[in-house]
>>> print(open('coords.pdb').read())   # PDB, C-alpha atoms
ATOM      1  CA  MET A   5       0.000   0.000   0.000  1.00  0.00           C
ATOM      2  CA  GLY A   6       2.828   2.386   0.893  1.00  0.00           C
ATOM      3  CA  VAL A   7       4.622   1.662  -2.389  1.00  0.00           C
ATOM      4  CA  GLN A   8       1.436   2.252  -4.374  1.00  0.00           C
ATOM      5  CA  LEU A   9       0.893   5.551  -2.596  1.00  0.00           C
ATOM      6  CA  LEU A  10       4.425   6.673  -3.394  1.00  0.00           C
ATOM      7  CA  MET A  11       3.907   5.661  -7.018  1.00  0.00           C
ATOM      8  CA  MET A  12       0.727   7.718  -7.213  1.00  0.00           C
ATOM      9  CA  VAL A  13       2.515  10.733  -5.772  1.00  0.00           C
ATOM     10  CA  ALA A  14       5.381  10.230  -8.197  1.00  0.00           C
ATOM     11  CA  LEU A  15       3.078   9.932 -11.189  1.00  0.00           C
ATOM     12  CA  TYR A  16       0.541  12.611 -10.376  1.00  0.00           C
ATOM     13  CA  GLY A  17       2.198  14.791  -7.736  1.00  0.00           C
ATOM     14  CA  THR A  18       0.132  17.292  -5.863  1.00  0.00           C
ATOM     15  CA  LEU A  19      -3.102  18.715  -7.192  1.00  0.00           C
ATOM     16  CA  ALA A  20      -2.450  20.814 -10.282  1.00  0.00           C
ATOM     17  CA  PRO A  21      -3.207  24.538 -10.080  1.00  0.00           C
ATOM     18  CA  ALA A  22      -6.616  25.486 -11.413  1.00  0.00           C
ATOM     19  CA  ARG A  23      -5.214  28.318 -13.561  1.00  0.00           C
ATOM     20  CA  VAL A  24      -3.238  27.793 -16.761  1.00  0.00           C
ATOM     21  CA  LEU A  25      -1.181  30.676 -18.130  1.00  0.00           C
ATOM     22  CA  THR A  26      -0.747  30.914 -21.887  1.00  0.00           C
ATOM     23  CA  LEU A  27       2.010  32.784 -23.673  1.00  0.00           C
ATOM     24  CA  GLY A  28      -0.500  35.264 -25.080  1.00  0.00           C
ATOM     25  CA  GLN A  29      -1.832  36.030 -21.599  1.00  0.00           C
ATOM     26  CA  ALA A  30       1.716  36.494 -20.303  1.00  0.00           C
ATOM     27  CA  LEU A  31       2.554  38.955 -23.094  1.00  0.00           C
ATOM     28  CA  GLU A  32      -0.715  40.853 -22.582  1.00  0.00           C
ATOM     29  CA  THR A  33      -0.074  41.131 -18.854  1.00  0.00           C
ATOM     30  CA  ALA A  34       3.433  42.416 -19.524  1.00  0.00           C
ATOM     31  CA  GLN A  35       2.027  45.081 -21.850  1.00  0.00           C
ATOM     32  CA  GLN A  36      -0.246  46.294 -19.049  1.00  0.00           C
ATOM     33  CA  HIS A  37       1.823  45.856 -15.881  1.00  0.00           C
ATOM     34  CA  GLN A  38       5.536  45.893 -16.727  1.00  0.00           C
ATOM     35  CA  PRO A  39       6.993  48.950 -14.875  1.00  0.00           C
ATOM     36  CA  GLN A  40       9.902  49.377 -17.297  1.00  0.00           C
ATOM     37  CA  LEU A  41       7.504  49.644 -20.217  1.00  0.00           C
ATOM     38  CA  TRP A  42       5.362  52.145 -18.316  1.00  0.00           C
ATOM     39  CA  GLN A  43       8.429  54.253 -17.595  1.00  0.00           C
ATOM     40  CA  ALA A  44       9.594  54.192 -21.212  1.00  0.00           C
ATOM     41  CA  ARG A  45       6.158  55.150 -22.535  1.00  0.00           C
ATOM     42  CA  ALA A  46       5.755  57.921 -19.972  1.00  0.00           C
ATOM     43  CA  SER A  47       9.156  59.374 -20.888  1.00  0.00           C
ATOM     44  CA  ALA A  48       8.235  59.369 -24.577  1.00  0.00           C
ATOM     45  CA  GLU A  49       4.871  61.034 -23.919  1.00  0.00           C
ATOM     46  CA  ALA A  50       6.496  63.668 -21.708  1.00  0.00           C
ATOM     47  CA  ALA A  51       9.044  64.431 -24.440  1.00  0.00           C
ATOM     48  CA  SER A  52       6.228  64.832 -26.989  1.00  0.00           C
ATOM     49  CA  ALA A  53       4.449  67.233 -24.633  1.00  0.00           C
ATOM     50  CA  ARG A  54       7.641  69.282 -24.219  1.00  0.00           C
ATOM     51  CA  ALA A  55       8.018  69.437 -28.006  1.00  0.00           C
ATOM     52  CA  ASP A  56       4.446  70.735 -28.339  1.00  0.00           C
ATOM     53  CA  GLU A  57       5.178  73.298 -25.643  1.00  0.00           C
ATOM     54  CA  LEU A  58       8.187  74.609 -27.575  1.00  0.00           C
ATOM     55  CA  ARG A  59       6.034  74.820 -30.714  1.00  0.00           C
ATOM     56  CA  ALA A  60       3.564  77.149 -29.021  1.00  0.00           C
ATOM     57  CA  PRO A  61       5.553  80.411 -29.641  1.00  0.00           C
ATOM     58  CA  ILE A  62       5.461  79.744 -33.399  1.00  0.00           C
ATOM     59  CA  LEU A  63       1.662  79.695 -33.508  1.00  0.00           C
ATOM     60  CA  PRO A  64      -0.456  82.872 -33.597  1.00  0.00           C
ATOM     61  CA  GLN A  65      -1.333  84.142 -30.149  1.00  0.00           C
ATOM     62  CA  VAL A  66      -4.461  86.168 -29.468  1.00  0.00           C
ATOM     63  CA  THR A  67      -4.881  87.991 -26.173  1.00  0.00           C
ATOM     64  CA  LEU A  68      -8.279  89.386 -25.226  1.00  0.00           C
ATOM     65  CA  THR A  69      -8.650  91.634 -22.196  1.00  0.00           C
ATOM     66  CA  ALA A  70     -11.804  93.081 -20.678  1.00  0.00           C
ATOM     67  CA  GLY A  71     -12.383  95.295 -17.684  1.00  0.00           C
ATOM     68  CA  TYR A  72     -15.279  96.708 -15.725  1.00  0.00           C
ATOM     69  CA  GLN A  73     -15.314  99.444 -13.128  1.00  0.00           C
ATOM     70  CA  ARG A  74     -18.073 101.163 -11.185  1.00  0.00           C
ATOM     71  CA  THR A  75     -16.946 104.642 -10.167  1.00  0.00           C
ATOM     72  CA  THR A  76     -17.847 108.314 -10.096  1.00  0.00           C
ATOM     73  CA  ALA A  77     -17.079 110.816 -12.821  1.00  0.00           C
ATOM     74  CA  ASN A  78     -15.113 113.110 -10.494  1.00  0.00           C
ATOM     75  CA  PHE A  79     -11.722 114.253 -11.711  1.00  0.00           C
ATOM     76  CA  VAL A  80      -8.748 112.889  -9.831  1.00  0.00           C
ATOM     77  CA  ALA A  81      -5.585 114.895 -10.246  1.00  0.00           C
ATOM     78  CA  ARG A  82      -2.495 113.030 -11.309  1.00  0.00           C
ATOM     79  CA  PRO A  83       1.121 114.184 -10.964  1.00  0.00           C
ATOM     80  CA  GLY A  84       1.970 116.532 -13.821  1.00  0.00           C
ATOM     81  CA  ALA A  85       0.648 119.715 -15.417  1.00  0.00           C
ATOM     82  CA  VAL A  86      -3.080 120.427 -15.544  1.00  0.00           C
ATOM     83  CA  PRO A  87      -4.341 122.482 -18.502  1.00  0.00           C
ATOM     84  CA  SER A  88      -5.147 126.065 -17.505  1.00  0.00           C
ATOM     85  CA  SER A  89      -8.512 125.835 -19.243  1.00  0.00           C
ATOM     86  CA  PHE A  90      -9.542 122.922 -17.030  1.00  0.00           C
ATOM     87  CA  ASN A  91     -12.130 123.982 -14.458  1.00  0.00           C
ATOM     88  CA  THR A  92     -11.060 122.571 -11.102  1.00  0.00           C
ATOM     89  CA  THR A  93     -13.678 124.426  -9.095  1.00  0.00           C
ATOM     90  CA  GLN A  94     -16.496 122.170 -10.215  1.00  0.00           C
ATOM     91  CA  SER A  95     -18.182 120.476  -7.288  1.00  0.00           C
ATOM     92  CA  THR A  96     -17.824 116.756  -6.852  1.00  0.00           C
ATOM     93  CA  SER A  97     -20.669 114.303  -7.303  1.00  0.00           C
ATOM     94  CA  LEU A  98     -21.457 110.988  -5.677  1.00  0.00           C
ATOM     95  CA  ASP A  99     -23.216 109.667  -8.766  1.00  0.00           C
ATOM     96  CA  SER A 100     -21.532 106.484 -10.080  1.00  0.00           C
ATOM     97  CA  PHE A 101     -21.332 105.144 -13.617  1.00  0.00           C
ATOM     98  CA  ASN A 102     -20.336 101.946 -15.407  1.00  0.00           C
ATOM     99  CA  PHE A 103     -16.967 102.054 -17.130  1.00  0.00           C
ATOM    100  CA  TRP A 104     -16.097  99.319 -19.588  1.00  0.00           C
ATOM    101  CA  SER A 105     -12.738  98.673 -21.236  1.00  0.00           C
ATOM    102  CA  GLY A 106     -11.400  96.023 -23.575  1.00  0.00           C
ATOM    103  CA  GLY A 107      -8.524  95.151 -25.815  1.00  0.00           C
ATOM    104  CA  LEU A 108      -7.480  92.616 -28.422  1.00  0.00           C
ATOM    105  CA  THR A 109      -3.841  91.795 -29.181  1.00  0.00           C
ATOM    106  CA  LEU A 110      -2.566  89.495 -31.936  1.00  0.00           C
ATOM    107  CA  ASN A 111       1.048  88.238 -31.886  1.00  0.00           C
ATOM    108  CA  GLN A 112       2.540  86.287 -34.782  1.00  0.00           C
ATOM    109  CA  TYR A 113       6.013  84.771 -34.891  1.00  0.00           C
ATOM    110  CA  ILE A 114       7.896  86.000 -37.934  1.00  0.00           C
ATOM    111  CA  TRP A 115      11.628  85.336 -37.586  1.00  0.00           C
ATOM    112  CA  ASP A 116      14.225  85.113 -34.853  1.00  0.00           C
ATOM    113  CA  PHE A 117      17.102  83.702 -36.906  1.00  0.00           C
ATOM    114  CA  GLY A 118      15.795  80.160 -36.408  1.00  0.00           C
ATOM    115  CA  VAL A 119      16.237  80.074 -32.625  1.00  0.00           C
ATOM    116  CA  THR A 120      12.640  79.104 -31.828  1.00  0.00           C
ATOM    117  CA  THR A 121      12.128  76.760 -34.775  1.00  0.00           C
ATOM    118  CA  ASP A 122      15.457  74.985 -34.281  1.00  0.00           C
ATOM    119  CA  ARG A 123      14.693  74.503 -30.591  1.00  0.00           C
ATOM    120  CA  TRP A 124      11.349  72.989 -31.518  1.00  0.00           C
ATOM    121  CA  ARG A 125      12.872  70.672 -34.144  1.00  0.00           C
ATOM    122  CA  SER A 126      15.513  69.536 -31.667  1.00  0.00           C
ATOM    123  CA  SER A 127      12.892  68.747 -29.048  1.00  0.00           C
ATOM    124  CA  ARG A 128      10.770  66.918 -31.601  1.00  0.00           C
ATOM    125  CA  ALA A 129      13.757  64.784 -32.653  1.00  0.00           C
ATOM    126  CA  ALA A 130      14.467  63.976 -28.995  1.00  0.00           C
ATOM    127  CA  ALA A 131      10.815  62.936 -28.536  1.00  0.00           C
ATOM    128  CA  GLU A 132      10.988  60.659 -31.573  1.00  0.00           C
ATOM    129  CA  SER A 133      14.181  59.136 -30.195  1.00  0.00           C
ATOM    130  CA  LEU A 134      12.432  58.338 -26.912  1.00  0.00           C
ATOM    131  CA  HIS A 135       9.507  56.806 -28.799  1.00  0.00           C
ATOM    132  CA  GLN A 136      11.930  54.521 -30.618  1.00  0.00           C
ATOM    133  CA  SER A 137      13.588  53.681 -27.299  1.00  0.00           C
ATOM    134  CA  SER A 138      10.153  52.821 -25.907  1.00  0.00           C
ATOM    135  CA  ARG A 139       9.585  50.418 -28.799  1.00  0.00           C
ATOM    136  CA  ALA A 140      12.998  48.867 -28.171  1.00  0.00           C
ATOM    137  CA  VAL A 141      12.160  48.389 -24.486  1.00  0.00           C
ATOM    138  CA  GLU A 142       8.869  46.790 -25.485  1.00  0.00           C
ATOM    139  CA  GLN A 143      10.645  44.320 -27.774  1.00  0.00           C
ATOM    140  CA  GLN A 144      13.175  43.508 -25.041  1.00  0.00           C
ATOM    141  CA  ILE A 145      10.364  42.873 -22.564  1.00  0.00           C
ATOM    142  CA  ILE A 146       8.554  40.624 -25.061  1.00  0.00           C
ATOM    143  CA  ALA A 147      11.754  38.653 -25.630  1.00  0.00           C
ATOM    144  CA  GLY A 148      12.329  38.385 -21.884  1.00  0.00           C
ATOM    145  CA  VAL A 149       8.779  37.153 -21.269  1.00  0.00           C
ATOM    146  CA  ARG A 150       9.074  34.538 -23.999  1.00  0.00           C
ATOM    147  CA  THR A 151      12.430  33.338 -22.663  1.00  0.00           C
ATOM    148  CA  ALA A 152      11.099  33.093 -19.092  1.00  0.00           C
ATOM    149  CA  TYR A 153       7.904  31.388 -20.287  1.00  0.00           C
ATOM    150  CA  PHE A 154       9.661  28.650 -22.250  1.00  0.00           C
ATOM    151  CA  ASN A 155      12.170  28.184 -19.448  1.00  0.00           C
ATOM    152  CA  ALA A 156       9.253  27.540 -17.083  1.00  0.00           C
ATOM    153  CA  ARG A 157       7.729  25.189 -19.660  1.00  0.00           C
ATOM    154  CA  ALA A 158      11.013  23.257 -19.852  1.00  0.00           C
ATOM    155  CA  GLN A 159      11.159  22.994 -16.064  1.00  0.00           C
ATOM    156  CA  LEU A 160       7.589  21.667 -16.020  1.00  0.00           C
ATOM    157  CA  ALA A 161       8.593  18.986 -18.520  1.00  0.00           C
ATOM    158  CA  LEU A 162      11.549  18.062 -16.312  1.00  0.00           C
ATOM    159  CA  ILE A 163       9.140  17.529 -13.418  1.00  0.00           C
ATOM    160  CA  GLN A 164       7.273  14.973 -15.491  1.00  0.00           C
ATOM    161  CA  VAL A 165      10.573  13.281 -16.377  1.00  0.00           C
ATOM    162  CA  ALA A 166      11.538  13.168 -12.689  1.00  0.00           C
ATOM    163  CA  ARG A 167       8.142  11.687 -11.770  1.00  0.00           C
ATOM    164  CA  GLU A 168       8.417   8.964 -14.387  1.00  0.00           C
ATOM    165  CA  ASN A 169      11.967   8.209 -13.275  1.00  0.00           C
ATOM    166  CA  LEU A 170      10.831   7.950  -9.649  1.00  0.00           C
ATOM    167  CA  ALA A 171       7.970   5.639 -10.638  1.00  0.00           C
ATOM    168  CA  ASN A 172      10.438   3.439 -12.477  1.00  0.00           C
ATOM    169  CA  LEU A 173      12.738   3.388  -9.448  1.00  0.00           C
ATOM    170  CA  GLU A 174       9.801   2.424  -7.237  1.00  0.00           C
ATOM    171  CA  LEU A 175       9.013  -0.525  -9.486  1.00  0.00           C
ATOM    172  CA  HIS A 176      12.663  -1.521  -9.528  1.00  0.00           C
ATOM    173  CA  LEU A 177      12.817  -1.340  -5.728  1.00  0.00           C
ATOM    174  CA  LYS A 178       9.730  -3.535  -5.446  1.00  0.00           C
ATOM    175  CA  GLN A 179      11.313  -6.017  -7.779  1.00  0.00           C
ATOM    176  CA  ILE A 180      14.594  -6.072  -5.829  1.00  0.00           C
ATOM    177  CA  GLU A 181      12.678  -6.520  -2.567  1.00  0.00           C
ATOM    178  CA  GLY A 182      11.051  -9.622  -4.046  1.00  0.00           C
ATOM    179  CA  PHE A 183      14.393 -11.004  -5.249  1.00  0.00           C
ATOM    180  CA  ALA A 184      16.035 -10.295  -1.872  1.00  0.00           C
ATOM    181  CA  ALA A 185      13.169 -11.998  -0.034  1.00  0.00           C
ATOM    182  CA  ALA A 186      13.609 -15.036  -2.269  1.00  0.00           C
ATOM    183  CA  GLY A 187      17.355 -15.007  -1.641  1.00  0.00           C
ATOM    184  CA  THR A 188      18.351 -14.568  -5.292  1.00  0.00           C
ATOM    185  CA  ARG A 189      19.800 -11.064  -4.806  1.00  0.00           C
ATOM    186  CA  PRO A 190      22.108  -9.832  -2.051  1.00  0.00           C
ATOM    187  CA  LYS A 191      21.004  -7.232   0.462  1.00  0.00           C
ATOM    188  CA  ILE A 192      23.475  -4.746  -0.989  1.00  0.00           C
ATOM    189  CA  ASP A 193      21.325  -4.618  -4.116  1.00  0.00           C
ATOM    190  CA  LEU A 194      18.308  -3.838  -1.956  1.00  0.00           C
ATOM    191  CA  ALA A 195      20.212  -1.033  -0.220  1.00  0.00           C
ATOM    192  CA  GLN A 196      21.339   0.328  -3.605  1.00  0.00           C
ATOM    193  CA  ALA A 197      17.766   0.260  -4.925  1.00  0.00           C
ATOM    194  CA  ARG A 198      16.548   2.165  -1.885  1.00  0.00           C
ATOM    195  CA  ALA A 199      19.335   4.723  -2.337  1.00  0.00           C
ATOM    196  CA  ASP A 200      18.376   5.112  -6.002  1.00  0.00           C
ATOM    197  CA  ARG A 201      14.743   5.639  -4.989  1.00  0.00           C
ATOM    198  CA  ALA A 202      15.807   8.331  -2.508  1.00  0.00           C
ATOM    199  CA  GLN A 203      17.926   9.987  -5.199  1.00  0.00           C
ATOM    200  CA  GLY A 204      14.927   9.963  -7.508  1.00  0.00           C
ATOM    201  CA  GLN A 205      12.822  11.683  -4.843  1.00  0.00           C
ATOM    202  CA  VAL A 206      15.521  14.330  -4.464  1.00  0.00           C
ATOM    203  CA  GLN A 207      15.555  14.881  -8.232  1.00  0.00           C
ATOM    204  CA  LEU A 208      11.782  15.327  -8.239  1.00  0.00           C
ATOM    205  CA  ILE A 209      11.941  17.862  -5.414  1.00  0.00           C
ATOM    206  CA  SER A 210      14.760  19.698  -7.189  1.00  0.00           C
ATOM    207  CA  ALA A 211      12.736  19.801 -10.420  1.00  0.00           C
ATOM    208  CA  GLN A 212       9.682  21.156  -8.559  1.00  0.00           C
ATOM    209  CA  ASN A 213      11.815  23.832  -6.896  1.00  0.00           C
ATOM    210  CA  ALA A 214      13.354  24.795 -10.236  1.00  0.00           C
ATOM    211  CA  TYR A 215       9.851  25.092 -11.721  1.00  0.00           C
ATOM    212  CA  ALA A 216       8.755  27.352  -8.858  1.00  0.00           C
ATOM    213  CA  VAL A 217      11.818  29.549  -9.387  1.00  0.00           C
ATOM    214  CA  ALA A 218      11.154  29.683 -13.141  1.00  0.00           C
ATOM    215  CA  LYS A 219       7.572  30.832 -12.528  1.00  0.00           C
ATOM    216  CA  ALA A 220       8.825  33.509 -10.125  1.00  0.00           C
ATOM    217  CA  GLN A 221      11.214  34.701 -12.837  1.00  0.00           C
ATOM    218  CA  LEU A 222       8.312  34.698 -15.293  1.00  0.00           C
ATOM    219  CA  ASN A 223       6.295  36.858 -12.899  1.00  0.00           C
ATOM    220  CA  GLN A 224       9.230  39.251 -12.675  1.00  0.00           C
ATOM    221  CA  ALA A 225       9.496  39.444 -16.474  1.00  0.00           C
ATOM    222  CA  ILE A 226       5.754  40.072 -16.753  1.00  0.00           C
ATOM    223  CA  GLY A 227       5.685  42.636 -13.965  1.00  0.00           C
ATOM    224  CA  GLU A 228       3.152  40.588 -11.999  1.00  0.00           C
ATOM    225  CA  THR A 229       3.187  40.741  -8.200  1.00  0.00           C
ATOM    226  CA  GLY A 230       0.738  37.882  -7.643  1.00  0.00           C
ATOM    227  CA  THR A 231       1.346  34.295  -6.681  1.00  0.00           C
ATOM    228  CA  THR A 232       2.690  31.458  -8.816  1.00  0.00           C
ATOM    229  CA  ASP A 233      -0.283  29.132  -8.335  1.00  0.00           C
ATOM    230  CA  TYR A 234      -0.596  28.410 -12.051  1.00  0.00           C
ATOM    231  CA  ASP A 235       0.879  26.161 -14.710  1.00  0.00           C
ATOM    232  CA  VAL A 236       2.262  27.245 -18.049  1.00  0.00           C
ATOM    233  CA  GLN A 237       0.670  25.806 -21.144  1.00  0.00           C
ATOM    234  CA  ASP A 238       2.617  23.707 -23.622  1.00  0.00           C
ATOM    235  CA  GLU A 239       3.019  26.102 -26.542  1.00  0.00           C
ATOM    236  CA  THR A 240       5.410  26.693 -29.412  1.00  0.00           C
ATOM    237  CA  LEU A 241       6.136  29.811 -31.444  1.00  0.00           C
ATOM    238  CA  PRO A 242       4.983  29.866 -35.070  1.00  0.00           C
ATOM    239  CA  PRO A 243       7.686  29.661 -37.736  1.00  0.00           C
ATOM    240  CA  ILE A 244       9.225  32.922 -38.878  1.00  0.00           C
ATOM    241  CA  PRO A 245       8.237  33.792 -42.480  1.00  0.00           C
ATOM    242  CA  GLY A 246      11.125  33.393 -44.876  1.00  0.00           C
TER     243      GLY A 246
END
>>> encode(input="coords.pdb", output="C-alpha cells")
Amino acid sequence: MGVQLLMMVALYGTLAPARVLTLGQALETAQQHQPQLWQARASAEAASARADELRAPILPQVTLTAGYQRTTANFVARPGAVPSSFNTTQSTSLDSFNFWSGGLTLNQYIWDFGVTTDRWRSSRAAAESLHQSSRAVEQQIIAGVRTAYFNARAQLALIQVARENLANLELHLKQIEGFAAAGTRPKIDLAQARADRAQGQVQLISAQNAYAVAKAQLNQAIGETGTTDYDVQDETLPPIPG
C-alpha cells in the first residue's frame, strides 16, 4: 500500500493549479503591468508634450482683455501739469457710472534667426528618439517574457521526467525486494535500490523547486506581483516567415 501511494505521488504529484497561463496572456499582462515599459512610454509622452510646448511660440497668439469698473465721474488729479482751461472748481458728485474697457492683441512669430524653430525641431527629434527607445524596451520585454515562459515550460517537462523516473525506481525497488526476499539477490542490491529511490525523490523535489523559481522569474518578467499558483501551457512559437 505504501509503495502504491508513493507511485501515485510520483506519477501525479500534488493537485495541479486550477489556472493555466498561456504565452498570449503572459505577453498581454506584460504590456499592461511591466513597470519598465510604463516608464519608457511615460518618458516618450512627456518628451512629446515638451516638443508641443516649444512649438507654441510659433503659432499665432491672441490675447483678449476686458475690464469693468463702477466709479464716479469726479476728476482725480495726477502728478503733472493740468491744462489752464480745465475747471477745477467744479463740485464733486457721488453719482456712479459703469466704465467698460477692452482690448485685443494678436502676436505672430515672424523670424528670430531660427532660434525658436530649431529649438522645436531639436525637441521633436528627442521625442521621436524616446519613442523609438520605448519600442525597443517593449521588444526587449517581449523577448524576456518569452524566454522566461519557455524556461518555465522546460522545467515543467523536467518535473514529469523526474516523476516517471521515480515511478520506475519504485518498481525496480519492489522487484529487488522480491528477489532479496527469495534469496536470489544480495542485500546490498536492496540497499542500492533504496538509495536510487531516494535519489529519484531528491531529483523530483529539485525539479519542482526549479519550476517554482522559473515561474517567479516569469512573474518578474511580466511585472506581476501575484502568486505562482498556475501552470504554463505547452506552446510553441509559429515559424518565422522566410
>>> resolve_selection(input="coords.pdb", expression="the PyMOL selection byres ((chain A and resi 235) around 9)", output="PyMOL selection string")
chain A and resi 20-26+156-157+160+219+232-234+236-237
>>> resolve_selection(input="coords.pdb", expression="the PyMOL selection byres ((chain A and resi 163-171) around 7)", output="ChimeraX atom specification")
/A:11,14-15,159-162,172-175,201,204-205,207-208,211-212
>>> write_last_selection(input="coords.pdb", atoms="C-alpha atoms", output="PDB file, in the frame of the given file")
ATOM      1  CA  MET A  11       3.907   5.661  -7.018  1.00  0.00           C
ATOM      2  CA  ALA A  14       5.381  10.230  -8.197  1.00  0.00           C
ATOM      3  CA  LEU A  15       3.078   9.932 -11.189  1.00  0.00           C
ATOM      4  CA  GLN A 159      11.159  22.994 -16.064  1.00  0.00           C
ATOM      5  CA  LEU A 160       7.589  21.667 -16.020  1.00  0.00           C
ATOM      6  CA  ALA A 161       8.593  18.986 -18.520  1.00  0.00           C
ATOM      7  CA  LEU A 162      11.549  18.062 -16.312  1.00  0.00           C
ATOM      8  CA  ASN A 172      10.438   3.439 -12.477  1.00  0.00           C
ATOM      9  CA  LEU A 173      12.738   3.388  -9.448  1.00  0.00           C
ATOM     10  CA  GLU A 174       9.801   2.424  -7.237  1.00  0.00           C
ATOM     11  CA  LEU A 175       9.013  -0.525  -9.486  1.00  0.00           C
ATOM     12  CA  ARG A 201      14.743   5.639  -4.989  1.00  0.00           C
ATOM     13  CA  GLY A 204      14.927   9.963  -7.508  1.00  0.00           C
ATOM     14  CA  GLN A 205      12.822  11.683  -4.843  1.00  0.00           C
ATOM     15  CA  GLN A 207      15.555  14.881  -8.232  1.00  0.00           C
ATOM     16  CA  LEU A 208      11.782  15.327  -8.239  1.00  0.00           C
ATOM     17  CA  ALA A 211      12.736  19.801 -10.420  1.00  0.00           C
ATOM     18  CA  GLN A 212       9.682  21.156  -8.559  1.00  0.00           C
TER      19      GLN A 212
END
>>> closest_residue(input="coords.pdb", among="A:Arg59, A:Arg150, A:Arg45, A:Arg74", to="Asn223 of chain A", atoms="all atoms listed in the file")
A:Arg150
>>> atom_distance(input="coords.pdb", atom1="atom CA of Pro39 of chain A", atom2="atom CA of Gly227 of chain A")
6.5 Å
>>> residues_around(input="coords.pdb", residues="Ser138 of chain A", least_positions_apart="4", cutoff="8 Å", atoms="all atoms listed in the file", output="list in words")
Leu41, Ala44, Arg45, Ala48, Leu134 and Glu142 of chain A
>>> closest_residue(input="coords.pdb", among="A:Ala130, A:Leu222, A:Leu31, A:Ile244", to="Gln143 of chain A", atoms="only C-alpha atoms")
A:Leu31
>>> residues_around(input="coords.pdb", residues="Asp193 of chain A", least_positions_apart="6", cutoff="12 Å", atoms="all atoms listed in the file", output="ChimeraX atom specification")
/A:176-185,187,199-200
>>> atom_distance(input="coords.pdb", atom1="atom CA of Ser126 of chain A", atom2="atom CA of Ile145 of chain A")
28.6 Å
